[in-house]
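**Q** Input file: work.txt. Contents: compact mmCIF, C-alpha atoms and all ligand atoms.
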```txt
# COMPACT_ATOMS: atom_id res chain seq x y z
CA MET F 220 -3.59 -26.87 0.78
CA ASP F 221 -0.95 -24.64 2.37
CA THR F 222 -2.11 -22.23 5.05
CA PRO F 223 -3.54 -19.21 3.19
CA ILE F 224 -3.29 -15.48 3.51
CA ILE F 225 -6.76 -14.64 4.82
CA ILE F 226 -8.42 -11.40 3.76
CA LEU F 227 -11.28 -10.57 6.08
CA GLY F 228 -13.94 -8.48 4.30
CA SER F 229 -15.09 -8.21 0.68
CA GLY F 230 -15.28 -4.43 0.32
CA LEU F 231 -12.99 -2.41 -1.91
CA ALA F 232 -10.07 -2.83 0.49
CA GLY F 233 -10.36 -6.63 0.43
CA TYR F 234 -10.75 -6.87 -3.35
CA HIS F 235 -8.07 -4.29 -4.18
CA LEU F 236 -5.62 -6.19 -2.00
CA ALA F 237 -6.53 -9.51 -3.66
CA ARG F 238 -5.91 -7.95 -7.07
CA GLU F 239 -2.54 -6.52 -6.04
CA ILE F 240 -1.45 -9.86 -4.59
CA ARG F 241 -2.47 -11.71 -7.76
CA GLN F 242 -0.65 -9.21 -9.95
CA ARG F 243 2.54 -10.22 -8.13
CA ASP F 244 1.91 -13.88 -7.42
CA GLN F 245 -0.52 -16.32 -9.02
CA ASP F 246 0.12 -19.16 -6.61
CA VAL F 247 0.16 -17.99 -3.01
CA PRO F 248 -2.94 -19.50 -1.32
CA LEU F 249 -5.53 -16.80 -0.77
CA CYS F 250 -8.84 -16.94 1.04
CA MET F 251 -11.43 -14.19 1.58
CA LEU F 252 -13.99 -14.45 4.37
CA THR F 253 -16.98 -12.15 4.44
CA ARG F 254 -20.19 -11.93 6.36
CA ASP F 255 -22.05 -10.50 3.38
CA ALA F 256 -22.71 -12.05 -0.06
CA GLY F 257 -19.30 -10.96 -1.38
CA HIS F 258 -20.48 -9.03 -4.47
CA PHE F 259 -17.85 -6.74 -5.91
CA TYR F 260 -19.35 -3.27 -6.32
CA SER F 261 -18.21 0.31 -6.41
CA LYS F 262 -19.36 1.90 -3.15
CA PRO F 263 -18.99 5.48 -4.51
CA MET F 264 -21.67 4.62 -7.10
CA LEU F 265 -24.27 4.20 -4.34
CA SER F 266 -24.69 7.93 -3.92
CA THR F 267 -25.06 8.69 -7.63
CA ALA F 268 -26.99 5.68 -8.95
CA MET F 269 -30.54 7.06 -8.79
CA GLY F 270 -29.75 10.23 -10.66
CA MET F 271 -28.01 8.08 -13.29
CA GLY F 272 -31.04 5.80 -13.55
CA LYS F 273 -29.12 2.74 -12.32
CA GLU F 274 -30.89 -0.12 -10.57
CA VAL F 275 -29.27 -1.96 -7.68
CA ASP F 276 -28.71 -5.23 -9.58
CA VAL F 277 -26.56 -3.34 -12.11
CA LEU F 278 -24.34 -2.15 -9.25
CA MET F 279 -23.95 -5.72 -7.97
CA SER F 280 -22.88 -7.12 -11.32
CA MET F 281 -19.88 -9.18 -10.10
CA PRO F 282 -20.88 -12.04 -7.77
CA ALA F 283 -18.43 -13.67 -5.38
CA GLU F 284 -18.06 -16.81 -7.56
CA LYS F 285 -16.78 -14.75 -10.49
CA MET F 286 -14.41 -12.82 -8.25
CA ALA F 287 -13.11 -16.10 -6.83
CA GLN F 288 -12.35 -17.35 -10.34
CA GLN F 289 -10.79 -14.07 -11.42
CA TYR F 290 -8.40 -13.92 -8.46
CA HIS F 291 -7.98 -17.66 -8.07
CA MET F 292 -8.94 -17.57 -4.40
CA ASP F 293 -11.52 -19.13 -2.09
CA ILE F 294 -14.28 -16.74 -1.09
CA VAL F 295 -16.38 -17.89 1.83
CA THR F 296 -19.49 -15.73 2.07
CA HIS F 297 -22.11 -15.25 4.82
CA THR F 298 -19.43 -16.16 7.30
CA GLU F 299 -18.57 -14.04 10.28
CA VAL F 300 -15.28 -14.10 12.09
CA THR F 301 -16.20 -14.05 15.75
CA SER F 302 -12.73 -14.09 17.28
CA ILE F 303 -9.03 -14.04 16.43
CA LEU F 304 -6.64 -16.38 18.24
CA PRO F 305 -3.31 -14.67 17.56
CA GLN F 306 -1.18 -17.18 19.51
CA GLU F 307 -2.29 -19.95 17.16
CA ASN F 308 -2.51 -17.83 13.99
CA SER F 309 -6.13 -18.86 13.70
CA LEU F 310 -9.68 -17.52 13.56
CA CYS F 311 -13.07 -18.71 14.85
CA VAL F 312 -15.55 -18.45 12.00
CA ASN F 313 -19.27 -18.91 12.12
CA SER F 314 -21.46 -19.68 9.11
CA LEU F 315 -24.46 -17.35 9.15
CA HIS F 316 -26.40 -19.92 7.08
CA SER F 317 -25.79 -23.14 8.99
CA GLY F 318 -24.72 -21.73 12.36
CA VAL F 319 -21.73 -24.09 12.28
CA SER F 320 -18.49 -22.75 13.74
CA GLU F 321 -14.96 -23.79 12.82
CA VAL F 322 -11.37 -22.72 13.31
CA MET F 323 -9.22 -21.63 10.34
CA ASN F 324 -5.48 -21.02 10.25
CA TYR F 325 -3.80 -18.12 8.51
CA ARG F 326 -0.24 -17.33 7.49
CA ALA F 327 -1.20 -13.66 7.44
CA LEU F 328 -4.51 -12.05 8.37
CA ILE F 329 -5.60 -8.79 6.79
CA LEU F 330 -8.47 -6.98 8.48
CA CYS F 331 -10.51 -5.16 5.81
CA ILE F 332 -13.66 -5.02 7.90
CA GLY F 333 -14.72 -1.44 7.20
CA ALA F 334 -16.79 0.83 9.38
CA GLU F 335 -20.23 0.92 10.93
CA PRO F 336 -22.67 3.81 10.34
CA ARG F 337 -23.10 5.88 13.51
CA ILE F 338 -26.57 5.63 14.95
CA PRO F 339 -28.19 8.97 15.82
CA VAL F 340 -29.46 9.21 19.39
CA LEU F 341 -33.14 10.09 19.03
CA GLU F 342 -36.16 9.94 21.26
CA GLY F 343 -39.54 8.78 20.01
CA ASN F 344 -41.05 5.49 18.87
CA ALA F 345 -39.28 5.08 15.53
CA GLN F 346 -35.53 5.32 16.07
CA ALA F 347 -35.13 1.73 14.83
CA ASP F 348 -36.63 2.70 11.45
CA VAL F 349 -33.91 5.26 10.65
CA LEU F 350 -31.97 3.97 7.63
CA SER F 351 -28.33 4.41 6.75
CA VAL F 352 -26.22 3.21 3.84
CA ASN F 353 -22.66 1.99 4.01
CA ASP F 354 -22.92 -1.01 1.72
CA VAL F 355 -24.86 -2.18 -1.30
CA TYR F 356 -27.14 -4.41 0.80
CA GLN F 357 -28.27 -1.51 2.99
CA TYR F 358 -28.64 0.49 -0.21
CA GLN F 359 -30.89 -2.20 -1.70
CA LEU F 360 -33.19 -1.90 1.32
CA PHE F 361 -33.15 1.89 1.04
CA ARG F 362 -34.17 1.72 -2.63
CA GLU F 363 -36.98 -0.71 -1.80
CA LYS F 364 -38.27 1.63 0.91
CA LEU F 365 -38.20 4.60 -1.49
CA VAL F 366 -40.66 3.00 -3.93
CA ASN F 367 -43.83 5.13 -4.15
CA LYS F 368 -42.50 7.48 -1.48
CA LYS F 369 -41.84 11.20 -1.84
CA GLN F 370 -40.37 12.80 1.24
CA VAL F 371 -37.03 12.05 2.85
CA VAL F 372 -35.52 13.63 5.94
CA LEU F 373 -31.75 13.34 5.74
CA LEU F 374 -29.64 13.74 8.88
CA GLY F 375 -26.10 15.02 8.27
CA ALA F 376 -24.55 17.06 5.47
CA GLY F 377 -21.09 15.52 5.20
CA LEU F 378 -19.81 13.89 2.00
CA VAL F 379 -22.32 11.05 2.00
CA GLY F 380 -25.24 13.24 3.13
CA CYS F 381 -24.60 15.90 0.46
CA GLU F 382 -24.18 13.30 -2.27
CA PHE F 383 -27.43 11.57 -1.34
CA ALA F 384 -29.20 14.95 -1.10
CA ASN F 385 -28.02 15.65 -4.63
CA ASP F 386 -29.02 12.22 -5.92
CA LEU F 387 -32.43 12.10 -4.22
CA THR F 388 -33.41 15.59 -5.40
CA ARG F 389 -32.24 14.73 -8.94
CA ALA F 390 -34.47 11.68 -8.80
CA GLY F 391 -37.45 13.86 -7.81
CA TYR F 392 -37.67 13.30 -4.04
CA ALA F 393 -38.43 16.11 -1.61
CA VAL F 394 -35.47 16.23 0.78
CA ASP F 395 -35.11 18.04 4.11
CA ILE F 396 -31.53 18.10 5.38
CA VAL F 397 -30.83 18.55 9.09
CA GLU F 398 -27.25 19.60 9.84
CA PRO F 399 -25.85 20.87 13.17
CA ALA F 400 -23.14 23.00 11.49
CA SER F 401 -24.06 26.29 9.86
CA THR F 402 -23.08 25.12 6.37
CA PRO F 403 -22.73 21.73 4.63
CA LEU F 404 -19.42 19.82 4.50
CA ALA F 405 -18.21 22.00 7.36
CA SER F 406 -15.23 19.75 8.13
CA LEU F 407 -13.92 20.12 4.56
CA LEU F 408 -15.07 23.49 3.22
CA PRO F 409 -14.77 27.05 4.52
CA PRO F 410 -18.30 28.46 5.14
CA GLU F 411 -18.27 30.79 2.10
CA ILE F 412 -17.80 27.75 -0.16
CA GLY F 413 -20.15 25.50 1.81
CA ILE F 414 -22.93 28.05 1.43
CA GLU F 415 -22.67 27.87 -2.37
CA LEU F 416 -23.11 24.09 -2.24
CA GLN F 417 -26.08 24.65 0.06
CA ARG F 418 -27.68 27.11 -2.38
CA ALA F 419 -27.06 24.87 -5.39
CA LEU F 420 -28.78 21.93 -3.69
CA GLU F 421 -31.56 24.29 -2.64
CA ARG F 422 -32.06 25.29 -6.29
CA GLN F 423 -32.39 21.58 -7.03
CA GLY F 424 -35.18 21.32 -4.43
CA ALA F 425 -33.45 20.51 -1.10
CA ARG F 426 -34.69 22.25 2.06
CA TRP F 427 -32.04 23.01 4.64
CA HIS F 428 -32.19 23.03 8.44
CA CYS F 429 -28.64 24.10 9.26
CA GLY F 430 -27.58 24.78 12.82
CA ARG F 431 -30.24 22.26 13.93
CA THR F 432 -30.17 18.74 15.35
CA ALA F 433 -32.91 16.12 15.31
CA LYS F 434 -34.28 15.32 18.77
CA SER F 435 -36.89 12.65 18.13
CA VAL F 436 -38.53 10.56 15.45
CA ASP F 437 -42.03 9.15 15.71
CA TYR F 438 -44.17 7.10 13.37
CA ASN F 439 -47.92 7.73 13.43
CA ASP F 440 -50.63 7.59 10.74
CA ASP F 441 -48.37 6.32 7.93
CA ALA F 442 -45.75 9.07 8.32
CA TYR F 443 -42.66 9.90 10.30
CA SER F 444 -42.36 13.11 12.21
CA VAL F 445 -38.86 14.37 12.99
CA MET F 446 -38.72 16.93 15.79
CA LEU F 447 -35.80 19.37 15.79
CA ASP F 448 -34.11 21.10 18.72
CA ASP F 449 -35.96 24.37 18.03
CA GLY F 450 -39.30 22.58 18.49
CA SER F 451 -40.19 22.52 14.78
CA SER F 452 -41.06 19.24 13.13
CA ILE F 453 -40.70 17.78 9.64
CA SER F 454 -42.94 15.13 8.16
CA ALA F 455 -41.37 12.35 6.07
CA ASP F 456 -41.90 8.96 4.43
CA ILE F 457 -38.30 7.95 5.18
CA VAL F 458 -35.68 9.11 7.67
CA PHE F 459 -32.12 8.58 6.47
CA SER F 460 -29.04 9.12 8.60
CA ALA F 461 -25.63 10.05 7.18
CA ILE F 462 -24.01 11.29 10.37
CA GLY F 463 -20.73 9.42 9.85
CA LEU F 464 -18.97 6.12 10.32
CA SER F 465 -17.05 4.44 13.13
CA PRO F 466 -14.28 2.01 12.17
CA ARG F 467 -15.02 -1.57 13.29
CA THR F 468 -12.56 -2.21 16.09
CA GLY F 469 -14.27 -4.71 18.43
CA LEU F 470 -12.94 -7.91 16.89
CA ALA F 471 -9.37 -6.59 16.89
CA ALA F 472 -9.56 -5.15 20.40
CA GLN F 473 -10.80 -8.49 21.80
CA ALA F 474 -7.72 -10.16 20.34
CA GLY F 475 -5.34 -7.70 22.00
CA ILE F 476 -4.73 -5.57 18.92
CA TYR F 477 -4.28 -1.88 19.75
CA THR F 478 -7.21 0.25 18.72
CA GLU F 479 -7.92 3.94 19.09
CA ARG F 480 -10.51 5.43 16.74
CA GLY F 481 -9.62 2.62 14.30
CA ILE F 482 -7.38 -0.46 14.28
CA CYS F 483 -3.89 0.96 14.84
CA VAL F 484 -1.29 0.10 12.21
CA ASN F 485 2.08 1.51 11.23
CA GLU F 486 3.21 2.58 7.76
CA TYR F 487 3.66 -1.11 6.87
CA LEU F 488 -0.01 -1.64 7.77
CA GLN F 489 1.07 -3.94 10.61
CA THR F 490 -0.84 -4.11 13.86
CA ASN F 491 1.04 -4.71 17.11
CA LEU F 492 0.52 -8.49 16.69
CA PRO F 493 2.62 -10.55 14.28
CA ASN F 494 1.09 -11.45 10.90
CA ILE F 495 -2.00 -9.29 11.43
CA TYR F 496 -2.57 -6.19 9.28
CA ALA F 497 -5.40 -3.74 8.61
CA ILE F 498 -6.34 -1.51 5.67
CA GLY F 499 -9.40 0.43 4.49
CA ASP F 500 -12.07 2.13 6.58
CA CYS F 501 -11.28 0.06 9.70
CA ALA F 502 -7.62 1.12 9.85
CA GLU F 503 -5.93 4.01 11.63
CA ILE F 504 -2.57 4.42 9.94
CA ASN F 505 -0.11 6.15 12.23
CA HIS F 506 -3.10 7.87 13.91
CA TRP F 507 -4.65 8.84 10.59
CA ILE F 508 -8.05 7.62 9.39
CA LEU F 509 -8.44 7.81 5.62
CA PRO F 510 -11.86 6.48 4.61
CA TYR F 511 -11.42 6.94 0.87
CA ILE F 512 -10.57 4.89 -2.21
CA ALA F 513 -7.21 6.42 -3.12
CA PRO F 514 -5.56 5.49 0.22
CA ILE F 515 -6.99 1.97 -0.09
CA MET F 516 -5.26 1.61 -3.45
CA HIS F 517 -1.92 2.86 -2.14
CA CYS F 518 -2.15 0.63 0.95
CA SER F 519 -3.12 -2.44 -1.09
CA LYS F 520 -0.14 -2.03 -3.37
CA ALA F 521 2.31 -1.60 -0.51
CA LEU F 522 0.85 -4.41 1.57
CA ALA F 523 0.82 -6.88 -1.32
CA ALA F 524 4.53 -6.22 -1.81
CA SER F 525 5.23 -6.65 1.91
CA LEU F 526 3.21 -9.86 2.19
CA LEU F 527 5.17 -11.31 -0.70
CA GLY F 528 8.54 -10.56 0.85
CA GLU F 529 9.40 -7.00 -0.20
CA LEU F 530 8.74 -4.88 2.90
CA THR F 531 7.17 -1.65 1.56
CA PRO F 532 5.69 1.28 3.49
CA ALA F 533 2.43 2.85 2.35
CA ALA F 534 3.15 6.28 0.89
CA PHE F 535 0.41 8.80 0.25
CA PRO F 536 0.79 11.31 -2.55
CA VAL F 537 -1.62 14.19 -3.14
CA MET F 538 -5.08 12.58 -2.87
CA PRO F 539 -7.98 14.91 -3.74
CA VAL F 540 -11.52 13.83 -2.85
CA VAL F 541 -14.24 14.46 -5.42
CA ILE F 542 -17.63 15.34 -3.92
CA LYS F 543 -20.10 13.97 -6.46
CA THR F 544 -22.72 16.69 -6.12
CA SER F 545 -23.57 17.33 -9.78
CA ALA F 546 -25.56 20.45 -8.76
CA TYR F 547 -22.26 21.94 -7.58
CA PRO F 548 -19.18 19.74 -8.13
CA VAL F 549 -16.43 20.06 -5.53
CA VAL F 550 -12.88 18.73 -5.36
CA VAL F 551 -11.06 18.99 -2.03
CA CYS F 552 -7.43 18.28 -1.29
CA ARG F 553 -6.37 18.98 2.28
CA PRO F 554 -3.12 18.09 4.01
CA ARG F 555 -3.11 16.09 7.20
CA ASN F 556 -1.75 19.02 9.15
CA MET F 557 -3.43 22.38 8.54
CA SER F 558 -1.26 24.38 10.94
CA ASP F 559 0.64 27.37 9.53
CA THR F 560 -1.55 27.38 6.43
CA GLN F 561 -4.08 29.79 5.03
CA TRP F 562 -6.64 29.76 2.24
CA VAL F 563 -6.19 32.12 -0.68
CA ILE F 564 -9.62 32.22 -2.24
CA LYS F 565 -10.61 33.35 -5.74
CA LYS F 566 -14.26 33.49 -6.75
CA ASN F 567 -15.89 33.66 -10.14
CA ASN F 568 -19.70 33.91 -10.01
CA HIS F 569 -20.61 30.93 -7.77
CA ASP F 570 -17.38 29.00 -8.33
CA PHE F 571 -14.24 28.92 -6.21
CA ARG F 572 -10.62 28.16 -6.66
CA ALA F 573 -9.07 28.12 -3.20
CA GLU F 574 -5.40 27.45 -2.72
CA LEU F 575 -4.05 26.43 0.65
CA ARG F 576 -0.68 28.07 1.18
CA HIS F 577 1.84 27.13 3.82
CA LYS F 578 3.57 30.01 5.61
CA ASP F 579 6.56 29.46 3.28
CA HIS F 580 4.09 30.00 0.31
CA GLN F 581 4.18 26.36 -0.80
CA LEU F 582 0.87 25.11 -2.26
CA VAL F 583 -0.23 22.32 0.12
CA GLY F 584 -3.91 21.89 -0.71
CA PHE F 585 -6.81 23.23 -2.74
CA ILE F 586 -10.55 23.37 -3.19
CA LEU F 587 -12.10 23.66 -6.62
CA THR F 588 -15.79 24.03 -7.33
CA GLY F 589 -17.97 24.22 -10.43
CA GLU F 590 -16.04 25.31 -13.54
CA PHE F 591 -12.73 25.37 -11.63
CA THR F 592 -12.85 21.58 -11.07
CA LYS F 593 -11.32 21.27 -14.56
CA GLU F 594 -8.07 22.54 -13.07
CA ARG F 595 -7.66 19.56 -10.76
CA ALA F 596 -4.79 17.86 -12.62
CA GLU F 597 -2.84 21.07 -12.95
CA LEU F 598 -3.19 21.88 -9.24
CA MET F 599 -2.35 18.31 -8.22
CA SER F 600 0.89 18.55 -10.13
CA ARG F 601 1.88 21.67 -8.17
CA THR F 602 0.74 20.58 -4.70
CA SER F 603 3.33 19.44 -2.17
CA VAL F 604 2.64 16.81 0.46
CA ILE F 605 3.41 18.08 3.97
C1 LIG F 701 -22.19 6.45 -0.35
C2 LIG F 701 -20.69 6.50 -0.31
C3 LIG F 701 -20.00 7.17 -1.31
C4 LIG F 701 -18.61 7.22 -1.28
N1 LIG F 701 -17.96 7.89 -2.27
C5 LIG F 701 -16.61 7.95 -2.26
C6 LIG F 701 -15.89 8.64 -3.28
O1 LIG F 701 -16.49 9.21 -4.19
N2 LIG F 701 -14.53 8.64 -3.25
C7 LIG F 701 -13.84 8.00 -2.24
O2 LIG F 701 -12.61 8.04 -2.25
N3 LIG F 701 -14.49 7.35 -1.24
C8 LIG F 701 -15.85 7.31 -1.24
N4 LIG F 701 -16.50 6.63 -0.24
C9 LIG F 701 -15.71 5.90 0.77
C10 LIG F 701 -15.23 4.54 0.19
O3 LIG F 701 -16.25 3.95 -0.57
C11 LIG F 701 -14.79 3.62 1.34
O4 LIG F 701 -13.63 4.23 1.90
C12 LIG F 701 -14.45 2.20 0.93
O5 LIG F 701 -15.44 1.63 0.07
C13 LIG F 701 -14.28 1.32 2.18
O6 LIG F 701 -13.99 0.00 1.82
P1 LIG F 701 -13.62 -1.10 2.91
O7 LIG F 701 -13.33 -2.34 2.13
O8 LIG F 701 -12.60 -0.58 3.84
O9 LIG F 701 -14.94 -1.30 3.80
P2 LIG F 701 -16.39 -1.98 3.47
O10 LIG F 701 -16.80 -1.70 2.07
O11 LIG F 701 -17.30 -1.48 4.55
O12 LIG F 701 -16.15 -3.53 3.64
C14 LIG F 701 -16.09 -4.19 4.88
C15 LIG F 701 -16.25 -5.69 4.66
O13 LIG F 701 -15.97 -6.37 5.88
C16 LIG F 701 -16.95 -7.37 6.10
N5 LIG F 701 -16.94 -7.67 7.56
C17 LIG F 701 -17.00 -6.78 8.59
N6 LIG F 701 -16.89 -7.43 9.78
C18 LIG F 701 -16.76 -8.73 9.49
C19 LIG F 701 -16.61 -9.92 10.29
N7 LIG F 701 -16.54 -9.89 11.63
N8 LIG F 701 -16.52 -11.13 9.66
C20 LIG F 701 -16.57 -11.20 8.30
N9 LIG F 701 -16.70 -10.12 7.50
C21 LIG F 701 -16.79 -8.90 8.08
C22 LIG F 701 -18.22 -6.73 5.55
O14 LIG F 701 -19.21 -7.70 5.31
C23 LIG F 701 -17.66 -6.11 4.25
O15 LIG F 701 -17.55 -7.08 3.24
C24 LIG F 701 -17.90 6.58 -0.23
C25 LIG F 701 -18.60 5.92 0.80
C26 LIG F 701 -19.99 5.88 0.76
C27 LIG F 701 -20.75 5.17 1.87
```
How would this structure read if it were set down as structure tokens?

**A**
Amino acid sequence: MDTPIIILGSGLAGYHLAREIRQRDQDVPLCMLTRDAGHFYSKPMLSTAMGMGKEVDVLMSMPAEKMAQQYHMDIVTHTEVTSILPQENSLCVNSLHSGVSEVMNYRALILCIGAEPRIPVLEGNAQADVLSVNDVYQYQLFREKLVNKKQVVLLGAGLVGCEFANDLTRAGYAVDIVEPASTPLASLLPPEIGIELQRALERQGARWHCGRTAKSVDYNDDAYSVMLDDGSSISADIVFSAIGLSPRTGLAAQAGIYTERGICVNEYLQTNLPNIYAIGDCAEINHWILPYIAPIMHCSKALAASLLGELTPAAFPVMPVVIKTSAYPVVVCRPRNMSDTQWVIKKNNHDFRAELRHKDHQLVGFILTGEFTKERAELMSRTSVI
């Protein structure tokens, strides 16, 4: 067989790219390597599945073999790439089942290796028991641990933390949320909007500890005890961390690929080394990290074209993010550069329609909550990318 394009990672970035390549070319040799089992699944579903009554096996409905058939590519699962040898256009791969290592050649290598959950720094005897979820396999473990349990302490009220708080409370769990900022989603929402989300989740049963950080976690007498920085403590059956993700950069850095917060690529998704590219949560595109689905789709399309001979830059249109908190739905669309902008906020009962205006009055972003989320399409059509 001819030397393949190798896609490293079987998350949404890897599979979207495979689909885009196959839409353009049925024959180019394609191989996906992944250290997990290679199931295709929708990661955004992980934070809404319980409330929707969905079991984990339903989420993992497409196994690697089916995906391999569908995209006419080899998928090698439970295989970790341990190093990249850029001079030889090759990779060292290690089977996690057999322990056998081998070298594979690539014509192009696309790093779709995602991000790692950040580990909270905690004192106490139970730090290793703190769970986090950034893939369906970690989610499976989380669901197993939740069986016959009632109380969850959740660290972090960003997108993932708020969505899990919503889902867990919908499913009947008692949830305590510890968040250092004074309101949830503080990096995306002005405080007056964040507080409404906080209240809505509170009405659904969540208990908030804003402006607080967790200091220690201990396990004694069948329960965890999470101590906060004000000396108070919360008892729990499970401690769950959603304090953020760090792009996986180690493999690339070892090979001499430039990394900063993520793997550095230009608008063509190229790293500084020939024939090596990166997309998805691991990538930093012209110093911009975009850990969402819409950018993955735009990057996959552009990169597929480039790999097949039509050099195409990734272009990002208006890309709102939907926060899937059914207690208080939120849609946020923010530009990369917030300078010279200001929010013009309209409120109706608990719901907001906030328009972000540039100093020249152009609409460059928006936040919609509750009833106003219906206006998303209309606002998108009027928003300019700056
Ligand atoms: C709970 C949750 C809800 C979300 N909801 C939304 C949403 O509503 N909207 C939205 O836009 N975004 C959402 N996101 C973000 C979005 O899901 C991610 O941006 C996207 O799924 C990332 O895909 P990825 O392929 O880059 O990374 P991943 O899915 O993390 O895939 C990485 C892959 O690389 C493999 N890998 C890593 N290192 C190696 C190695 N050395 N060798 C071999 N294989 C390796 C892994 O096994 C894995 O297959 C959500 C995220 C989470 C966690």

**Q** Just the residues within 7 Å of Pro282 of chain F, please, counting all atoms listed in the file, with nothing from its chain fewer than 3 positions along; format it as a list in words.

**A**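 Everything that qualifies: Gly257, His258, Phe259, Lys285 and Met286 of chain F.
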
**Q** Name the residues, by chain letter and number, that sit within 6 Å of ligand LIG 701 (chain F) using all atoms listed in the file, and give them as a tab-separated table (two decimals) with C-alpha atoms, in the frame of the given file.

**A**
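In the end it all went to pocket-v9.tsv:
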```
chain	number	residue	atom	x	y	z
F	227	LEU	CA	-11.28	-10.57	6.08
F	228	GLY	CA	-13.94	-8.48	4.30
F	229	SER	CA	-15.09	-8.21	0.68
F	230	GLY	CA	-15.28	-4.43	0.32
F	231	LEU	CA	-12.99	-2.41	-1.91
F	232	ALA	CA	-10.07	-2.83	0.49
F	233	GLY	CA	-10.36	-6.63	0.43
F	252	LEU	CA	-13.99	-14.45	4.37
F	253	THR	CA	-16.98	-12.15	4.44
F	254	ARG	CA	-20.19	-11.93	6.36
F	255	ASP	CA	-22.05	-10.50	3.38
F	262	LYS	CA	-19.36	1.90	-3.15
F	263	PRO	CA	-18.99	5.48	-4.51
F	265	LEU	CA	-24.27	4.20	-4.34
F	266	SER	CA	-24.69	7.93	-3.92
F	298	THR	CA	-19.43	-16.16	7.30
F	299	GLU	CA	-18.57	-14.04	10.28
F	300	VAL	CA	-15.28	-14.10	12.09
F	301	THR	CA	-16.20	-14.05	15.75
F	331	CYS	CA	-10.51	-5.16	5.81
F	332	ILE	CA	-13.66	-5.02	7.90
F	333	GLY	CA	-14.72	-1.44	7.20
F	334	ALA	CA	-16.79	0.83	9.38
F	353	ASN	CA	-22.66	1.99	4.01
F	379	VAL	CA	-22.32	11.05	2.00
F	499	GLY	CA	-9.40	0.43	4.49
F	500	ASP	CA	-12.07	2.13	6.58
F	510	PRO	CA	-11.86	6.48	4.61
F	511	TYR	CA	-11.42	6.94	0.87
F	512	ILE	CA	-10.57	4.89	-2.21
F	513	ALA	CA	-7.21	6.42	-3.12
F	540	VAL	CA	-11.52	13.83	-2.85
F	541	VAL	CA	-14.24	14.46	-5.42
```

**Q** Could you build a table of the residues in segment 309-350 of chain F lying no more than 12 Å from segment 238-250 of chain F, giving for each the nearest pair of atoms and their separation in Å rounded to one decimal place, using all atoms listed in the file, ordered by chain and ascending residue number, as JSON lines?

**A**
```
{"residue": "F:Met323", "atom": "CA", "partner": "F:Cys250", "partner_atom": "CA", "distance": 10.4}
{"residue": "F:Asn324", "atom": "CA", "partner": "F:Cys250", "partner_atom": "CA", "distance": 10.6}
{"residue": "F:Tyr325", "atom": "CA", "partner": "F:Cys250", "partner_atom": "CA", "distance": 9.1}
{"residue": "F:Arg326", "atom": "CA", "partner": "F:Pro248", "partner_atom": "CA", "distance": 9.5}
{"residue": "F:Ala327", "atom": "CA", "partner": "F:Leu249", "partner_atom": "CA", "distance": 9.8}
{"residue": "F:Leu328", "atom": "CA", "partner": "F:Cys250", "partner_atom": "CA", "distance": 9.8}
{"residue": "F:Ile329", "atom": "CA", "partner": "F:Cys250", "partner_atom": "CA", "distance": 10.5}
```

**Q** Could you give me, as a list in words, the residues within 10 Å of Leu408 of chain F, counting only C-alpha atoms and dropping anything in the same chain fewer than 6 positions from it?

**A** Thr402, Ile414, Leu416, Val549, Val551, Arg553, Ala573 and Ile586 of chain F

**Q** So which residues touch Cys552 of chain F within 10 Å, counting all atoms listed in the file, skipping near sequence neighbours fewer than 2 positions away, as a ChimeraX atom specification?

**A** /F:407,537-541,550,554-555,574-575,583-587,595,598-599,602

**Q** Figure out the distance between atom CA of His316 of chain F and atom CA of Asp221 of chain F, please, to one decimal in Å.

**A**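 Rounded to one decimal, the two atoms are 26.3 Å apart.
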
**Q** Name the residues in contact with Cys501 of chain F at a cut-off of 10 Å, using all atoms listed in the file, excluding same-chain residues fewer than 3 positions from it; report them as a PyMOL selection string.

**A** chain F and resi 232+330-335+464-468+471+478+480-483+497-498+504+508-510

**Q** Using all atoms listed in the file, which residue out of F:Ala533, F:Ser302, F:Lys543, F:Ala347 lies closest to Ile476 of chain F?

**A**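 For Ile476 of chain F, the nearest of the candidates is F:Ser302.
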
**Q** Would you kindly return, as an MDAnalysis selection string, each protein, DNA or RNA residue with an atom no farther than 10 Å from any atom of Tyr438 of chain F, considering all atoms listed in the file and excluding same-chain residues fewer than 5 positions away?

**A** chainID F and resid 343:346 348 443:445 454:456

**Q** Calculate how many Å separate atom CA of Leu404 of chain F from atom CA of Gly377 of chain F, rounding to one decimal.

**A**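 These atoms are spaced 4.7 Å apart.
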
**Q** When distances are computed from all atoms listed in the file, which of F:Ser435, F:Val312, F:His569, F:Phe361 shows the smallest separation from Gly413 of chain F?

**A**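 With all atoms listed in the file as the atom set, the closest residue is F:His569.
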
**Q** To one decimal place in Å, what is the distance between atom CA of Asn494 of chain F and atom CA of Ser309 of chain F?

**A** 10.7 Å

**Q** Give as JSON, numbers by chain every residue, naming chains and numbers as the document does, that has an atom within 10 Å of (-17.3, 31.6, -7.2), counting all atoms listed in the file.

**A** {"F": [411, 412, 415, 564, 565, 566, 567, 568, 569, 570, 571, 572, 573, 587, 588, 589, 590, 591]}

**Q** Can you work out which one of F:Glu363, F:Val322, F:Thr432, F:Ile225 has the shortest atom-to-atom distance to Leu310 of chain F, counting only C-alpha atoms?

**A**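 Closest residue, counting only C-alpha atoms: F:Val322.
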
**Q** Just checking: using all atoms listed in the file, which residue out of F:His580, F:His235, F:Arg601, F:Lys369 ends up closest to Thr388 of chain F?

**A**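 The shortest atom-to-atom distance to Thr388 of chain F comes from F:Lys369.
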